[in-house]
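Here the structure comes first, spelled out in structure tokens, and everything after it is commentary.
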Amino acid sequence: MTESSNIRSGRKVLIGVDGSDHSRRAVLFYLDKIARQADLVILHHVTDRSQLNHYLLVHDADKFQQAALHASNKAAELRDELTKLISEHKKQSIACEFVTSSHNSGLAGPAIVEMSVTKQVDLVIVGCRGLGQFRRTILGSTSDCIIHHSRVPVIVVPPPDQ
């Protein structure tokens, strides 16, 4: 069996990443607990377009370009760090793809759900911050959104103390 057909026969696993310890914990959970050689891991980074949209509205092209460059550099650093982590983990050869997107709402949850449909994934994994119910109600919850709207199973990796 060739490597490319091996990838197609495995699972597609989407992991939401944002550079936080919580998303890194989601990647490590995947690697330590459920990784398979034939998997395709899709690392999905949702960009925050709110600042960029603000600069567009106030017609500040210089600040828009600076913010766009900063967001692009952050995504590239995150891609490099996490793809290296996956490629070096236990010397497994797991295929990895890094994608970025944004959503009209500016929220990560709907963007992750949308990407899971677009990429036809079999599983979504995200970390969570472990907010209390009151804060989650006020701030919203990426993991709650994904759990309630995903068409595929979702694993939410809790903080270490829970």
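Starting from 1 in every chain, residues are counted up; chains themselves are A, B, ... following the order of the structure tokens, and ligands are numbered from 1 as listed.
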Pick out the residues sitting within 8 Å of Thr47 of chain A, and hand them over as a PDB file with all heavy atoms, in the first residue's frame; count only C-alpha atoms, and ignore anything fewer than 6 positions along from it in its own chain.
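Final output, result.pdb:
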```pdb
ATOM      1  N   ALA A  71      -0.585  38.639  12.099  1.00  0.00           N
ATOM      2  CA  ALA A  71      -1.436  37.442  12.152  1.00  0.00           C
ATOM      3  C   ALA A  71      -0.844  36.324  11.302  1.00  0.00           C
ATOM      4  O   ALA A  71      -0.835  35.157  11.704  1.00  0.00           O
ATOM      5  CB  ALA A  71      -2.848  37.774  11.687  1.00  0.00           C
ATOM      6  N   THR A 100      -5.749  27.686   7.918  1.00  0.00           N
ATOM      7  CA  THR A 100      -6.262  28.839   8.648  1.00  0.00           C
ATOM      8  C   THR A 100      -7.566  29.274   7.994  1.00  0.00           C
ATOM      9  O   THR A 100      -7.784  29.068   6.797  1.00  0.00           O
ATOM     10  CB  THR A 100      -5.279  30.030   8.641  1.00  0.00           C
ATOM     11  OG1 THR A 100      -5.046  30.425   7.297  1.00  0.00           O
ATOM     12  CG2 THR A 100      -3.972  29.667   9.306  1.00  0.00           C
ATOM     13  N   SER A 101      -8.413  29.846   8.790  1.00  0.00           N
ATOM     14  CA  SER A 101      -9.661  30.393   8.263  1.00  0.00           C
ATOM     15  C   SER A 101     -10.177  31.430   9.234  1.00  0.00           C
ATOM     16  O   SER A 101      -9.637  31.612  10.325  1.00  0.00           O
ATOM     17  CB  SER A 101     -10.713  29.284   8.066  1.00  0.00           C
ATOM     18  OG  SER A 101     -11.219  28.855   9.309  1.00  0.00           O
ATOM     19  N   SER A 102     -11.213  32.100   8.827  1.00  0.00           N
ATOM     20  CA  SER A 102     -11.934  32.999   9.720  1.00  0.00           C
ATOM     21  C   SER A 102     -13.414  32.763   9.451  1.00  0.00           C
ATOM     22  O   SER A 102     -13.785  32.097   8.489  1.00  0.00           O
ATOM     23  CB  SER A 102     -11.549  34.457   9.464  1.00  0.00           C
ATOM     24  OG  SER A 102     -11.854  34.815   8.140  1.00  0.00           O
TER      25      SER A 102
END
```
ask   = Hey, what does DSSP flag as strand (DSSP E) within segment 12-118 of chain A? Can you give it to me as a list in words?
value = Lys12, Val13, Leu14, Ile15, Gly16, Val17, Leu40, Val41, Ile42, Leu43, His44, His45, Val46, Ala95, Cys96, Glu97, Phe98, Val99, Thr100 and Ser101 of chain A
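Minimum distance to Val13 of chain A across A:Ser150, A:Gln37, A:Ser143, A:Ser116 (counting only C-alpha atoms) occurs at A:Ser116.
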task = Tell me which protein, DNA and RNA residues are within 9 Å of Leu107 of chain A, counting only C-alpha atoms, leaving out same-chain ones fewer than 5 positions away, and put them as a ChimeraX atom specification.
result = /A:46,48,102,142
Go ahead and save the residues from that selection, with N, CA, C and O atoms, as a short mmCIF file (atom, residue, chain, number, x, y, z; two decimals), in the first residue's frame.
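Final file, part-v3.cif:
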```cif
data_model
loop_
_atom_site.label_atom_id
_atom_site.label_comp_id
_atom_site.auth_asym_id
_atom_site.auth_seq_id
_atom_site.Cartn_x
_atom_site.Cartn_y
_atom_site.Cartn_z
N VAL A 46 -7.94 29.46 13.62
CA VAL A 46 -8.94 30.46 13.25
C VAL A 46 -8.38 31.83 13.56
O VAL A 46 -8.04 32.13 14.70
N ASP A 48 -8.32 35.84 14.11
CA ASP A 48 -9.20 36.87 14.67
C ASP A 48 -9.18 38.06 13.72
O ASP A 48 -8.20 38.78 13.63
N SER A 102 -11.21 32.10 8.83
CA SER A 102 -11.93 33.00 9.72
C SER A 102 -13.41 32.76 9.45
O SER A 102 -13.78 32.10 8.49
N THR A 142 -16.25 28.05 22.88
CA THR A 142 -15.92 27.44 21.60
C THR A 142 -16.28 25.96 21.62
O THR A 142 -16.93 25.45 20.70
#
```
key: Who sits within 12 Å of Cys96 of chain A, only C-alpha atoms, same chain under 3 positions skipped, as a VMD selection string   = chain A and resid 7 11 to 15 27 31 35 37 to 44 79 to 80 82 to 88 92 to 93 99
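Checking A:Ala61, A:Glu114, A:Gly109, A:Leu123 one by one against Ser141 of chain A, counting only C-alpha atoms, you find the shortest gap at A:Gly109.
Ranking A:Val152, A:Ile94, A:Lys63, A:Gly106 by their shortest atom-to-atom distance to Lys119 of chain A, with only C-alpha atoms included, puts A:Val152 first.
Of the residues listed (A:Val17, A:Phe64, A:His22, A:Ile112), A:Ile112 shows the shortest atom-to-atom separation from Ile146 of chain A; distances use only C-alpha atoms.
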task = Between A:Glu77, A:Arg25, A:His89, A:Ile34, single out the one closest to Pro160 of chain A, counting only C-alpha atoms.
result = A:Arg25
query = Which of these residues is nearest to Thr118 of chain A, using only C-alpha atoms: A:His70, A:Gln65, A:Pro159, A:Arg151?
reply = A:Arg151
